[in-house]
file final.cif (mmCIF, C-alpha atoms)
data_start
loop_
_atom_site.label_atom_id
_atom_site.label_comp_id
_atom_site.auth_asym_id
_atom_site.auth_seq_id
_atom_site.Cartn_x
_atom_site.Cartn_y
_atom_site.Cartn_z
CA MET B 202 -43.55 -25.93 4.94
CA LYS B 203 -46.22 -23.19 4.87
CA LYS B 204 -47.80 -24.57 8.02
CA ALA B 205 -44.45 -24.63 9.83
CA LEU B 206 -43.71 -21.05 8.85
CA SER B 207 -47.12 -19.95 10.12
CA ILE B 208 -46.47 -21.51 13.54
CA PHE B 209 -43.06 -19.86 13.60
CA ALA B 210 -44.60 -16.43 12.87
CA ILE B 211 -47.27 -16.88 15.57
CA ALA B 212 -44.60 -17.71 18.14
CA LEU B 213 -42.69 -14.54 17.23
CA LEU B 214 -45.83 -12.48 17.67
CA ILE B 215 -46.55 -13.96 21.11
CA ALA B 216 -43.03 -13.23 22.32
CA GLY B 217 -43.11 -9.71 20.90
CA CYS B 218 -46.39 -8.88 22.66
CA ASN B 219 -45.22 -9.97 26.10
CA PRO B 220 -44.47 -6.81 28.12
CA LYS B 221 -41.90 -8.43 30.42
CA LYS B 222 -38.46 -6.93 29.82
CA GLU B 223 -35.15 -7.88 31.42
CA VAL B 224 -32.54 -6.58 28.99
CA LYS B 225 -29.35 -5.49 30.76
CA LEU B 226 -27.21 -3.60 28.28
CA ILE B 227 -23.43 -3.52 28.42
CA ASP B 228 -22.09 -0.06 29.23
CA ALA B 229 -20.90 1.49 25.95
CA ALA B 230 -18.05 3.16 27.84
CA ASN B 231 -16.45 -0.28 28.27
CA PHE B 232 -15.64 -0.27 24.54
CA ASN B 233 -14.41 3.31 24.12
CA LYS B 234 -10.80 2.79 23.05
CA GLU B 235 -8.36 3.74 20.31
CA VAL B 236 -6.80 0.76 18.53
CA ASP B 237 -4.30 1.12 15.69
CA GLY B 238 -5.20 4.80 15.44
CA LYS B 239 -8.93 4.08 15.03
CA THR B 240 -11.82 4.60 17.43
CA VAL B 241 -13.54 1.51 18.82
CA SER B 242 -17.14 1.89 20.03
CA LEU B 243 -20.16 -0.18 21.03
CA TYR B 244 -23.45 0.13 19.13
CA THR B 245 -26.92 -0.98 20.20
CA LEU B 246 -29.59 -2.17 17.72
CA LYS B 247 -33.22 -2.88 18.61
CA ASN B 248 -36.15 -4.22 16.62
CA GLY B 249 -38.98 -6.65 17.17
CA SER B 250 -38.19 -8.59 20.34
CA LEU B 251 -34.43 -8.47 19.80
CA THR B 252 -31.72 -6.21 21.21
CA MET B 253 -28.15 -6.57 19.93
CA GLN B 254 -24.86 -4.90 20.79
CA VAL B 255 -22.00 -4.76 18.29
CA THR B 256 -18.48 -3.38 18.41
CA ASN B 257 -16.52 -2.35 15.33
CA TYR B 258 -13.46 -4.16 16.73
CA GLY B 259 -13.63 -7.24 14.53
CA GLY B 260 -17.24 -6.45 13.62
CA ARG B 261 -18.15 -8.43 16.74
CA ILE B 262 -21.65 -9.19 17.93
CA VAL B 263 -21.07 -8.81 21.66
CA ALA B 264 -24.57 -9.54 22.98
CA LEU B 265 -27.98 -10.52 21.61
CA TRP B 266 -30.97 -10.47 23.93
CA MET B 267 -34.10 -12.49 23.14
CA PRO B 268 -37.13 -13.62 25.19
CA ASP B 269 -38.25 -17.10 26.14
CA HIS B 270 -41.85 -18.30 25.77
CA ARG B 271 -42.82 -16.25 28.84
CA GLY B 272 -41.05 -13.07 27.73
CA SER B 273 -38.03 -13.44 30.01
CA TYR B 274 -34.84 -12.18 28.37
CA VAL B 275 -31.28 -13.56 28.35
CA ASP B 276 -28.23 -12.85 26.23
CA VAL B 277 -28.07 -15.88 23.90
CA VAL B 278 -24.60 -15.33 22.39
CA LEU B 279 -21.32 -15.76 24.23
CA GLY B 280 -19.15 -12.69 24.58
CA TYR B 281 -17.36 -10.30 26.91
CA ASP B 282 -18.45 -7.05 28.54
CA HIS B 283 -15.20 -5.14 27.93
CA ILE B 284 -12.97 -4.46 24.91
CA ASP B 285 -9.82 -5.42 26.82
CA LYS B 286 -11.17 -8.96 27.30
CA TYR B 287 -11.37 -9.36 23.52
CA MET B 288 -7.93 -7.90 22.91
CA ASN B 289 -6.29 -10.01 25.63
CA ASN B 290 -8.23 -13.22 25.16
CA SER B 291 -6.64 -16.61 25.84
CA GLY B 292 -9.84 -18.47 24.93
CA ASP B 293 -11.93 -18.33 21.76
CA ARG B 294 -10.24 -15.60 19.72
CA TYR B 295 -13.06 -15.37 17.18
CA MET B 296 -16.07 -15.16 19.50
CA GLY B 297 -18.83 -13.12 17.80
CA ALA B 298 -16.44 -11.76 15.16
CA VAL B 299 -16.26 -11.65 11.38
CA VAL B 300 -13.76 -14.24 10.13
CA GLY B 301 -11.77 -13.92 6.91
CA ARG B 302 -10.62 -12.89 4.39
CA CYS B 303 -10.84 -16.65 4.03
CA ALA B 304 -12.79 -18.46 6.73
CA ASN B 305 -11.80 -21.88 8.06
CA ARG B 306 -8.50 -23.71 7.53
CA ILE B 307 -6.09 -23.53 4.58
CA SER B 308 -3.87 -26.60 4.50
CA ASN B 309 -0.16 -25.95 5.08
CA GLY B 310 -0.95 -22.23 4.92
CA LYS B 311 -0.47 -22.07 1.16
CA PHE B 312 -2.37 -21.92 -2.13
CA THR B 313 -1.60 -21.18 -5.79
CA LEU B 314 -3.22 -18.56 -8.05
CA ASN B 315 -2.25 -18.06 -11.70
CA GLY B 316 0.93 -20.09 -11.18
CA VAL B 317 2.05 -18.09 -8.14
CA GLU B 318 2.28 -19.83 -4.78
CA TYR B 319 1.29 -17.77 -1.75
CA GLN B 320 2.57 -18.66 1.71
CA LEU B 321 0.43 -17.49 4.62
CA PRO B 322 1.33 -17.31 8.32
CA LYS B 323 0.47 -20.54 10.12
CA ASN B 324 -1.69 -19.83 13.15
CA ASP B 325 -3.29 -23.27 13.62
CA GLY B 326 -0.55 -25.86 13.79
CA GLU B 327 0.72 -26.30 10.23
CA ASN B 328 -2.30 -24.52 8.78
CA THR B 329 -3.82 -21.05 8.44
CA LEU B 330 -7.12 -20.47 10.24
CA ASN B 331 -9.72 -17.73 9.57
CA GLY B 332 -7.44 -15.36 7.68
CA GLY B 333 -4.20 -15.62 9.59
CA LEU B 334 -2.48 -13.60 12.30
CA ILE B 335 -4.49 -10.42 11.78
CA GLY B 336 -7.70 -11.44 10.06
CA ALA B 337 -11.06 -9.66 10.07
CA ASP B 338 -11.47 -10.28 13.80
CA LYS B 339 -8.48 -8.12 14.81
CA MET B 340 -9.26 -5.21 12.48
CA VAL B 341 -11.10 -2.04 13.50
CA TRP B 342 -13.92 -1.68 10.99
CA ASP B 343 -14.97 1.79 9.83
CA VAL B 344 -18.61 2.54 10.65
CA VAL B 345 -20.35 3.79 7.50
CA SER B 346 -23.79 4.34 9.01
CA ALA B 347 -25.74 3.41 12.12
CA ASN B 348 -29.35 3.72 13.22
CA ASP B 349 -31.68 1.89 15.62
CA SER B 350 -31.84 -1.31 13.55
CA ILE B 351 -29.04 -1.26 10.92
CA LEU B 352 -25.27 -1.00 11.32
CA THR B 353 -23.05 -0.84 8.23
CA MET B 354 -19.25 -1.13 8.38
CA HIS B 355 -16.32 -1.23 5.95
CA ALA B 356 -12.86 -2.78 6.07
CA LEU B 357 -9.88 -2.76 3.71
CA PHE B 358 -7.81 -5.94 3.67
CA ALA B 359 -4.60 -4.53 2.24
CA ASP B 360 -2.56 -6.25 -0.46
CA GLY B 361 -0.11 -8.57 1.30
CA GLN B 362 -1.97 -8.56 4.63
CA ASP B 363 -1.53 -12.03 6.13
CA GLY B 364 0.14 -13.02 2.85
CA PHE B 365 -2.97 -12.66 0.65
CA PRO B 366 -2.81 -10.80 -2.67
CA GLY B 367 -5.05 -7.89 -3.64
CA ASN B 368 -6.67 -4.95 -1.90
CA LEU B 369 -9.99 -6.39 -0.77
CA ASN B 370 -12.73 -3.91 0.17
CA VAL B 371 -15.53 -5.43 2.23
CA THR B 372 -18.82 -3.88 3.34
CA LEU B 373 -20.71 -5.58 6.16
CA SER B 374 -24.22 -4.81 7.41
CA TYR B 375 -26.17 -6.09 10.41
CA THR B 376 -29.94 -5.61 10.30
CA LEU B 377 -32.54 -6.43 12.94
CA THR B 378 -35.99 -6.75 11.39
CA HIS B 379 -39.44 -6.29 12.94
CA ASP B 380 -40.11 -10.02 12.60
CA ASN B 381 -37.11 -10.95 14.76
CA GLN B 382 -34.49 -11.73 12.17
CA LEU B 383 -30.80 -10.90 12.20
CA GLN B 384 -29.72 -10.38 8.60
CA ILE B 385 -25.98 -10.34 7.83
CA ARG B 386 -24.85 -9.11 4.42
CA TYR B 387 -21.33 -9.04 2.99
CA ALA B 388 -20.15 -7.41 -0.24
CA GLY B 389 -16.57 -7.41 -1.50
CA VAL B 390 -14.42 -6.28 -4.43
CA SER B 391 -10.70 -6.74 -5.10
CA ASP B 392 -8.18 -5.11 -7.43
CA ALA B 393 -6.34 -8.41 -7.97
CA PRO B 394 -7.19 -12.13 -7.90
CA THR B 395 -7.58 -13.16 -4.27
CA LEU B 396 -9.49 -15.41 -1.88
CA CYS B 397 -12.73 -14.25 -0.29
CA ASN B 398 -14.82 -16.46 1.98
CA LEU B 399 -16.30 -14.51 4.90
CA SER B 400 -18.39 -15.64 7.84
CA ASN B 401 -19.29 -14.78 11.43
CA HIS B 402 -18.33 -16.82 14.48
CA LEU B 403 -21.52 -16.34 16.50
CA VAL B 404 -21.53 -18.70 19.49
CA PHE B 405 -25.00 -19.49 20.86
CA ASN B 406 -26.25 -20.64 24.22
CA LEU B 407 -30.03 -20.28 24.26
CA LYS B 408 -30.10 -20.59 28.05
CA GLY B 409 -27.60 -17.77 28.37
CA GLU B 410 -25.02 -19.88 30.17
CA GLY B 411 -24.26 -23.46 31.17
CA SER B 412 -24.02 -26.62 29.06
CA ILE B 413 -25.37 -26.76 25.50
CA LEU B 414 -25.51 -30.55 25.48
CA ASP B 415 -29.25 -30.34 26.21
CA HIS B 416 -29.89 -28.12 23.17
CA GLU B 417 -31.66 -29.70 20.20
CA LEU B 418 -29.96 -29.44 16.80
CA GLN B 419 -31.27 -30.14 13.31
CA ILE B 420 -29.14 -29.72 10.18
CA ASN B 421 -30.40 -29.70 6.59
CA SER B 422 -27.62 -31.93 5.31
CA ARG B 423 -27.04 -35.45 4.01
CA TYR B 424 -23.28 -35.05 3.44
CA MET B 425 -20.29 -33.35 4.97
CA THR B 426 -16.74 -32.54 3.96
CA THR B 427 -14.35 -34.97 5.64
CA ILE B 428 -11.27 -33.82 7.55
CA ASN B 429 -7.85 -35.11 8.55
CA SER B 430 -6.35 -35.30 12.03
CA GLN B 431 -5.62 -31.56 11.94
CA LYS B 432 -9.29 -30.81 11.19
CA VAL B 433 -8.43 -29.69 7.65
CA ALA B 434 -10.66 -30.69 4.71
CA ASP B 435 -9.14 -33.55 2.73
CA GLY B 436 -11.16 -32.92 -0.45
CA ASN B 437 -13.67 -35.73 0.05
CA PHE B 438 -17.32 -36.06 1.02
CA SER B 439 -19.04 -38.47 3.38
CA GLY B 440 -22.68 -39.34 4.02
CA VAL B 441 -24.00 -38.63 7.51
CA LYS B 442 -26.39 -41.60 7.64
CA ASN B 443 -25.75 -43.93 10.60
CA THR B 444 -23.11 -41.58 12.05
CA PRO B 445 -23.07 -39.13 14.99
CA PHE B 446 -23.17 -36.36 12.37
CA ASP B 447 -26.69 -37.18 11.18
CA PHE B 448 -28.90 -34.32 12.36
CA ARG B 449 -31.52 -34.55 9.62
CA GLU B 450 -33.92 -35.15 12.48
CA LYS B 451 -33.64 -33.31 15.78
CA HIS B 452 -31.13 -34.70 18.26
CA LEU B 453 -29.75 -33.42 21.53
CA ILE B 454 -26.21 -32.18 20.96
CA GLY B 455 -24.96 -34.27 23.86
CA GLU B 456 -26.66 -37.44 22.65
CA ARG B 457 -23.80 -38.63 20.42
CA ILE B 458 -21.06 -36.06 20.85
CA ASP B 459 -18.62 -38.63 22.29
CA ASP B 460 -19.40 -41.32 19.72
CA ALA B 461 -17.36 -40.08 16.76
CA ASP B 462 -13.82 -41.15 15.87
CA ASP B 463 -11.03 -39.12 17.43
CA ASN B 464 -10.06 -38.23 13.88
CA GLN B 465 -13.43 -36.55 13.43
CA ILE B 466 -13.74 -35.00 16.89
CA ALA B 467 -10.38 -33.74 18.06
CA ASN B 468 -9.58 -35.18 21.50
CA GLY B 469 -13.27 -35.86 22.07
CA LYS B 470 -13.88 -32.15 22.69
CA GLY B 471 -16.83 -31.67 20.37
CA TYR B 472 -18.10 -31.04 16.86
CA ASP B 473 -16.07 -28.83 14.51
CA HIS B 474 -17.14 -29.81 10.99
CA ASN B 475 -18.53 -28.50 7.73
CA TRP B 476 -21.92 -29.82 6.67
CA ILE B 477 -23.05 -29.53 3.03
CA VAL B 478 -26.41 -27.75 2.86
CA ASP B 479 -29.14 -29.56 0.90
CA LYS B 480 -30.47 -27.13 -1.70
CA SER B 481 -31.39 -26.91 -5.37
CA SER B 482 -28.24 -25.07 -6.54
CA SER B 483 -25.03 -23.57 -5.16
CA LYS B 484 -26.50 -20.05 -5.48
CA SER B 485 -29.91 -20.69 -3.93
CA TYR B 486 -31.00 -19.50 -0.51
CA ALA B 487 -31.93 -22.30 1.90
CA TRP B 488 -32.54 -23.36 5.48
CA CYS B 489 -29.29 -24.65 6.98
CA ALA B 490 -29.92 -25.55 10.60
CA THR B 491 -32.15 -25.05 13.66
CA LEU B 492 -31.00 -24.82 17.26
CA GLY B 493 -33.56 -25.09 20.06
CA GLU B 494 -33.60 -25.11 23.86
CA PRO B 495 -36.65 -27.11 25.01
CA LYS B 496 -37.18 -25.60 28.49
CA SER B 497 -37.17 -21.93 27.43
CA GLY B 498 -38.73 -22.50 23.99
CA ARG B 499 -36.02 -20.33 22.43
CA GLU B 500 -35.17 -21.30 18.88
CA VAL B 501 -32.95 -19.92 16.12
CA GLN B 502 -33.03 -20.96 12.47
CA LEU B 503 -30.09 -20.27 10.14
CA TRP B 504 -30.83 -19.56 6.48
CA SER B 505 -28.09 -18.76 3.97
CA ASP B 506 -27.01 -18.70 0.34
CA GLN B 507 -23.74 -20.51 1.18
CA VAL B 508 -23.05 -24.13 0.21
CA GLY B 509 -21.79 -25.19 3.62
CA VAL B 510 -22.07 -24.43 7.32
CA GLN B 511 -19.30 -25.00 9.85
CA ILE B 512 -20.84 -26.02 13.17
CA GLY B 513 -18.73 -26.33 16.27
CA THR B 514 -19.10 -26.86 19.99
CA SER B 515 -16.72 -25.07 22.33
CA ASP B 516 -14.14 -27.05 24.32
CA ALA B 517 -16.12 -26.24 27.46
CA ARG B 518 -19.34 -27.30 25.71
CA ASP B 519 -21.00 -24.07 26.77
CA GLY B 520 -21.69 -22.77 23.26
CA VAL B 521 -22.35 -23.84 19.68
CA SER B 522 -21.24 -21.82 16.66
CA PHE B 523 -22.70 -21.60 13.14
CA GLU B 524 -20.56 -20.30 10.26
CA PRO B 525 -22.22 -20.28 6.81
CA GLN B 526 -19.44 -20.33 4.20
CA LEU B 527 -17.92 -21.92 1.12
CA PHE B 528 -16.28 -25.31 1.60
CA PRO B 529 -13.07 -25.19 3.69
CA ASP B 530 -9.75 -25.34 1.83
CA ALA B 531 -11.62 -25.54 -1.48
CA ILE B 532 -8.83 -23.61 -3.20
CA ASN B 533 -6.53 -26.62 -2.70
CA HIS B 534 -8.93 -29.41 -3.70
CA GLU B 535 -10.28 -30.10 -7.18
CA ASN B 536 -13.37 -31.88 -5.78
CA LEU B 537 -14.51 -28.92 -3.66
CA SER B 538 -16.42 -26.24 -5.55
CA PRO B 539 -17.21 -23.36 -5.81
CA LYS B 540 -13.77 -21.91 -5.12
CA PRO B 541 -13.32 -18.92 -2.78
CA LEU B 542 -11.81 -17.00 -5.69
CA LEU B 543 -12.60 -13.33 -6.32
CA LEU B 544 -11.35 -11.66 -9.50
CA PRO B 545 -11.13 -7.95 -10.38
CA GLY B 546 -14.43 -6.76 -11.83
CA GLU B 547 -16.40 -9.38 -9.87
CA GLU B 548 -18.38 -8.81 -6.69
CA TYR B 549 -18.54 -11.12 -3.69
CA HIS B 550 -21.95 -11.27 -2.00
CA GLN B 551 -23.27 -13.28 0.92
CA LEU B 552 -26.57 -13.22 2.81
CA SER B 553 -27.15 -15.12 6.03
CA ILE B 554 -30.26 -14.78 8.18
CA TYR B 555 -30.84 -15.93 11.74
CA LYS B 556 -34.56 -16.24 12.54
CA PHE B 557 -35.39 -16.12 16.26
CA ALA B 558 -38.54 -17.39 17.94
CA ALA B 559 -39.92 -18.18 21.38
CA MET B 560 -41.85 -21.39 20.82
CA PRO B 561 -44.65 -22.64 23.12
CA VAL B 562 -43.41 -25.20 25.64
CA GLU B 563 -45.37 -28.41 26.17
CA LYS B 564 -46.22 -29.06 29.81
CA LYS B 565 -45.32 -32.50 31.11
CA LYS B 566 -48.21 -34.54 32.52
CA LYS B 567 -47.98 -35.30 36.22
#

call {"tool": "encode", "arguments": {"input": "final.cif", "output": "C-alpha cells"}}
result
Amino acid sequence: MKKALSIFAIALLIAGCNPKKEVKLIDAANFNKEVDGKTVSLYTLKNGSLTMQVTNYGGRIVALWMPDHRGSYVDVVLGYDHIDKYMNNSGDRYMGAVVGRCANRISNGKFTLNGVEYQLPKNDGENTLNGGLIGADKMVWDVVSANDSILTMHALFADGQDGFPGNLNVTLSYTLTHDNQLQIRYAGVSDAPTLCNLSNHLVFNLKGEGSILDHELQINSRYMTTINSQKVADGNFSGVKNTPFDFREKHLIGERIDDADDNQIANGKGYDHNWIVDKSSSKSYAWCATLGEPKSGREVQLWSDQVGVQIGTSDARDGVSFEPQLFPDAINHENLSPKPLLLPGEEYHQLSIYKFAAMPVEKKKK
C-alpha cells in the first residue's frame, strides 16, 4: 500500500507542475438569484491542480476542473451552467447536490421511532427517495464562511419538513487541499429523535463528456445490500463473487453492465446499488472505490468513514455517481446496521474524501 500511495503522490505532483491551463469558469452571474427569500450565489474554490465551483442552492458542486496526464483540463463532474436549469430540471434532480436528510430510498415512505409511525411523501413510486419532495437538494444553504479553498454552509431541516421529526441543524464544508483532494465534512444535531444519513450526488465523467462505459472501476467490496424490483433494500446481503457486481479487480463499466438480472438493474439502464465497504469496523476510515479513464490518465479515489457506497450509472450512461452513506432503508430492517438514527445530545459526523490524480499513460507498441 505504501508503494501505491507513493506513485499516486508523484502523479499528483507531475500534474500540478504542468503549466498548461484550460479552465473555463462558469459566469457567477448565472447563479445570482433569490429563491425562497434567500440569495443564491456561485463560489469558486482553487487549490493544487483543482478548481471547483459550488452553488448554495442544494449545496451543489456545479463544476470541478482537473488536468489529464499532459496538463489539459476538463470539467469532470456533470452539471449545468445556469441556476434555472437546476430549478427546472426534468433529468437528474440530484446532480452534484447534497442528498438527505436521509439519503437513498425508504420503503413505502414510512418508518417508526419510539412507537410513532411517520409517513413521508412518496417521490419515487411507492417509496421516498433522498429526503422527499423538498430535501437538501432544493434548499438554499446559508453560507457561513468562504475563502479560496474552503466553503462552509449551514441548513436547518425544520421539524415536520418532508414528514421527518425534529429540527435538524447541518453544517457542511467543502475543502480543496494542496495535494488535490476534495474533502467533504458533515456535522448534524437534532432536538428530537430523527433520521440523518447525508451524502452528495456527484456524477463523474473523467473525459468531460460522452460515454462512461470505457471508464475503469474498482470497488473495495465483497458484499452488497440486495434490492427488490423497486430498487429498495430488502434487508439482505449478497456476495459479489461471480456476478456483474464484482469490482474487486478493475473492470470496464461497460464490460458487464447488461449482464445483471432486470431485478438488479432496472430496465437494463445501469448500476444503481449499494456496496458494503470492506473495512475493520463500522467507524473506520477506508478506501471505497477508484474510477479511472485510461486515455487521459485521470483517476479519482473515494475514501470515507461510511459503511456503504451507492454507485450508479446515469440512464444515458454518460456519468457515474458515488454516494458514501449508511445502508439504505436500514431503519426498516433489523439486519441492516448501523441505523440512520440521531438522538438529541448526539452529533452526526461524516467525512468523505475524493483524491484526484493524473496518472502516466502507457504508450501502445506499434

call {"tool": "closest_residue", "arguments": {"input": "final.cif", "among": "B:Asn533, B:Thr426, B:Gln320, B:Asn406", "to": "B:Asp276", "atoms": "only C-alpha atoms"}}
result
B:Asn406

call {"tool": "resolve_selection", "arguments": {"input": "final.cif", "expression": "the PyMOL selection byres ((chain B and resi 305) around 8)", "output": "list in words"}}
result
Cys303, Ala304, Arg306, Ile307, Leu330, Asn331, Gly332, Pro529 and Asp530 of chain B

call {"tool": "atom_distance", "arguments": {"input": "final.cif", "atom1": "atom CA of B:Glu223", "atom2": "atom CA of B:Gly280"}}
result
18.1 Å

call {"tool": "resolve_selection", "arguments": {"input": "final.cif", "expression": "the PyMOL selection byres ((chain B and resi 283-297) around 8)", "output": "number ranges by chain"}}
result
B: 231-234, 261-263, 278-282, 298-300, 338, 401-404

call {"tool": "residues_around", "arguments": {"input": "final.cif", "residues": "B:Leu246", "least_positions_apart": "6", "cutoff": "7 Å", "atoms": "only C-alpha atoms", "output": "number ranges by chain"}}
result
B: 252-254, 349-351

call {"tool": "resolve_selection", "arguments": {"input": "final.cif", "expression": "the PyMOL selection byres ((chain B and resi 552-556) around 9)", "output": "PyMOL selection string"}}
result
chain B and resi 380-387+400+486+500-507+525+550-551+557-558

call {"tool": "atom_distance", "arguments": {"input": "final.cif", "atom1": "atom CA of B:Leu226", "atom2": "atom CA of B:Tyr244"}}
result
10.6 Å

call {"tool": "atom_distance", "arguments": {"input": "final.cif", "atom1": "atom CA of B:Leu418", "atom2": "atom CA of B:Leu492"}}
result
4.8 Å

call {"tool": "residues_around", "arguments": {"input": "final.cif", "residues": "B:Ser482", "least_positions_apart": "5", "cutoff": "12 Å", "atoms": "all atoms listed in the file", "output": "list in words"}}
result
Ile477, Ala487, Asp506, Gln507, Val508, Ser538 and Pro539 of chain B

call {"tool": "closest_residue", "arguments": {"input": "final.cif", "among": "B:Gly509, B:Gly436, B:Gly493, B:Pro394", "to": "B:Val478", "atoms": "all atoms listed in the file"}}
result
B:Gly509

call {"tool": "residues_near_point", "arguments": {"input": "final.cif", "point": "(-25.3, -1.0, 14.6)", "cutoff": "10 Å", "atoms": "only C-alpha atoms", "output": "short mmCIF file (atom, residue, chain, number, x, y, z; two decimals) with C-alpha atoms, keeping the file's coordinate frame"}}
result
data_model
loop_
_atom_site.label_atom_id
_atom_site.label_comp_id
_atom_site.auth_asym_id
_atom_site.auth_seq_id
_atom_site.Cartn_x
_atom_site.Cartn_y
_atom_site.Cartn_z
CA LEU B 243 -20.16 -0.18 21.03
CA TYR B 244 -23.45 0.13 19.13
CA THR B 245 -26.92 -0.98 20.20
CA LEU B 246 -29.59 -2.17 17.72
CA LYS B 247 -33.22 -2.88 18.61
CA MET B 253 -28.15 -6.57 19.93
CA GLN B 254 -24.86 -4.90 20.79
CA VAL B 255 -22.00 -4.76 18.29
CA THR B 256 -18.48 -3.38 18.41
CA ASN B 257 -16.52 -2.35 15.33
CA GLY B 260 -17.24 -6.45 13.62
CA ILE B 262 -21.65 -9.19 17.93
CA VAL B 344 -18.61 2.54 10.65
CA VAL B 345 -20.35 3.79 7.50
CA SER B 346 -23.79 4.34 9.01
CA ALA B 347 -25.74 3.41 12.12
CA ASN B 348 -29.35 3.72 13.22
CA ASP B 349 -31.68 1.89 15.62
CA SER B 350 -31.84 -1.31 13.55
CA ILE B 351 -29.04 -1.26 10.92
CA LEU B 352 -25.27 -1.00 11.32
CA THR B 353 -23.05 -0.84 8.23
CA MET B 354 -19.25 -1.13 8.38
CA SER B 374 -24.22 -4.81 7.41
CA TYR B 375 -26.17 -6.09 10.41
CA THR B 376 -29.94 -5.61 10.30
CA LEU B 377 -32.54 -6.43 12.94
#

call {"tool": "closest_residue", "arguments": {"input": "final.cif", "among": "B:Asp392, B:Asp519, B:Asp435, B:Glu524", "to": "B:Leu544", "atoms": "only C-alpha atoms"}}
result
B:Asp392

call {"tool": "closest_residue", "arguments": {"input": "final.cif", "among": "B:Glu450, B:Asp237, B:Asp325, B:Glu410", "to": "B:Val433", "atoms": "only C-alpha atoms"}}
result
B:Asp325

call {"tool": "residues_around", "arguments": {"input": "final.cif", "residues": "B:Phe438", "least_positions_apart": "2", "cutoff": "10 Å", "atoms": "all atoms listed in the file", "output": "VMD selection string"}}
result
chain B and resid 424 to 428 434 to 436 440 to 441 476 to 477 536 to 537

call {"tool": "closest_residue", "arguments": {"input": "final.cif", "among": "B:Ile458, B:Cys397, B:Ile227, B:Val236", "to": "B:Ala264", "atoms": "all atoms listed in the file"}}
result
B:Ile227

call {"tool": "closest_residue", "arguments": {"input": "final.cif", "among": "B:Gly316, B:Gly336, B:Pro366, B:Pro322", "to": "B:Tyr258", "atoms": "all atoms listed in the file"}}
result
B:Gly336

call {"tool": "axis_aligned_box", "arguments": {"input": "final.cif", "around": "stretch 266-276 of chain B", "padding_each_side": "6 Å", "output": "lines of an AutoDock Vina configuration file"}}
result
center_x = -35.5
center_y = -14.4
center_z = 26.6
size_x = 26.6
size_y = 19.8
size_z = 18.9

call {"tool": "residues_around", "arguments": {"input": "final.cif", "residues": "B:Ile532", "least_positions_apart": "6", "cutoff": "9 Å", "atoms": "only C-alpha atoms", "output": "MDAnalysis selection string"}}
result
chainID B and resid 307 312:314 396 538:542

call {"tool": "residues_around", "arguments": {"input": "final.cif", "residues": "B:Thr514", "least_positions_apart": "2", "cutoff": "8 Å", "atoms": "all atoms listed in the file", "output": "number ranges by chain"}}
result
B: 470-473, 512, 516, 518-522
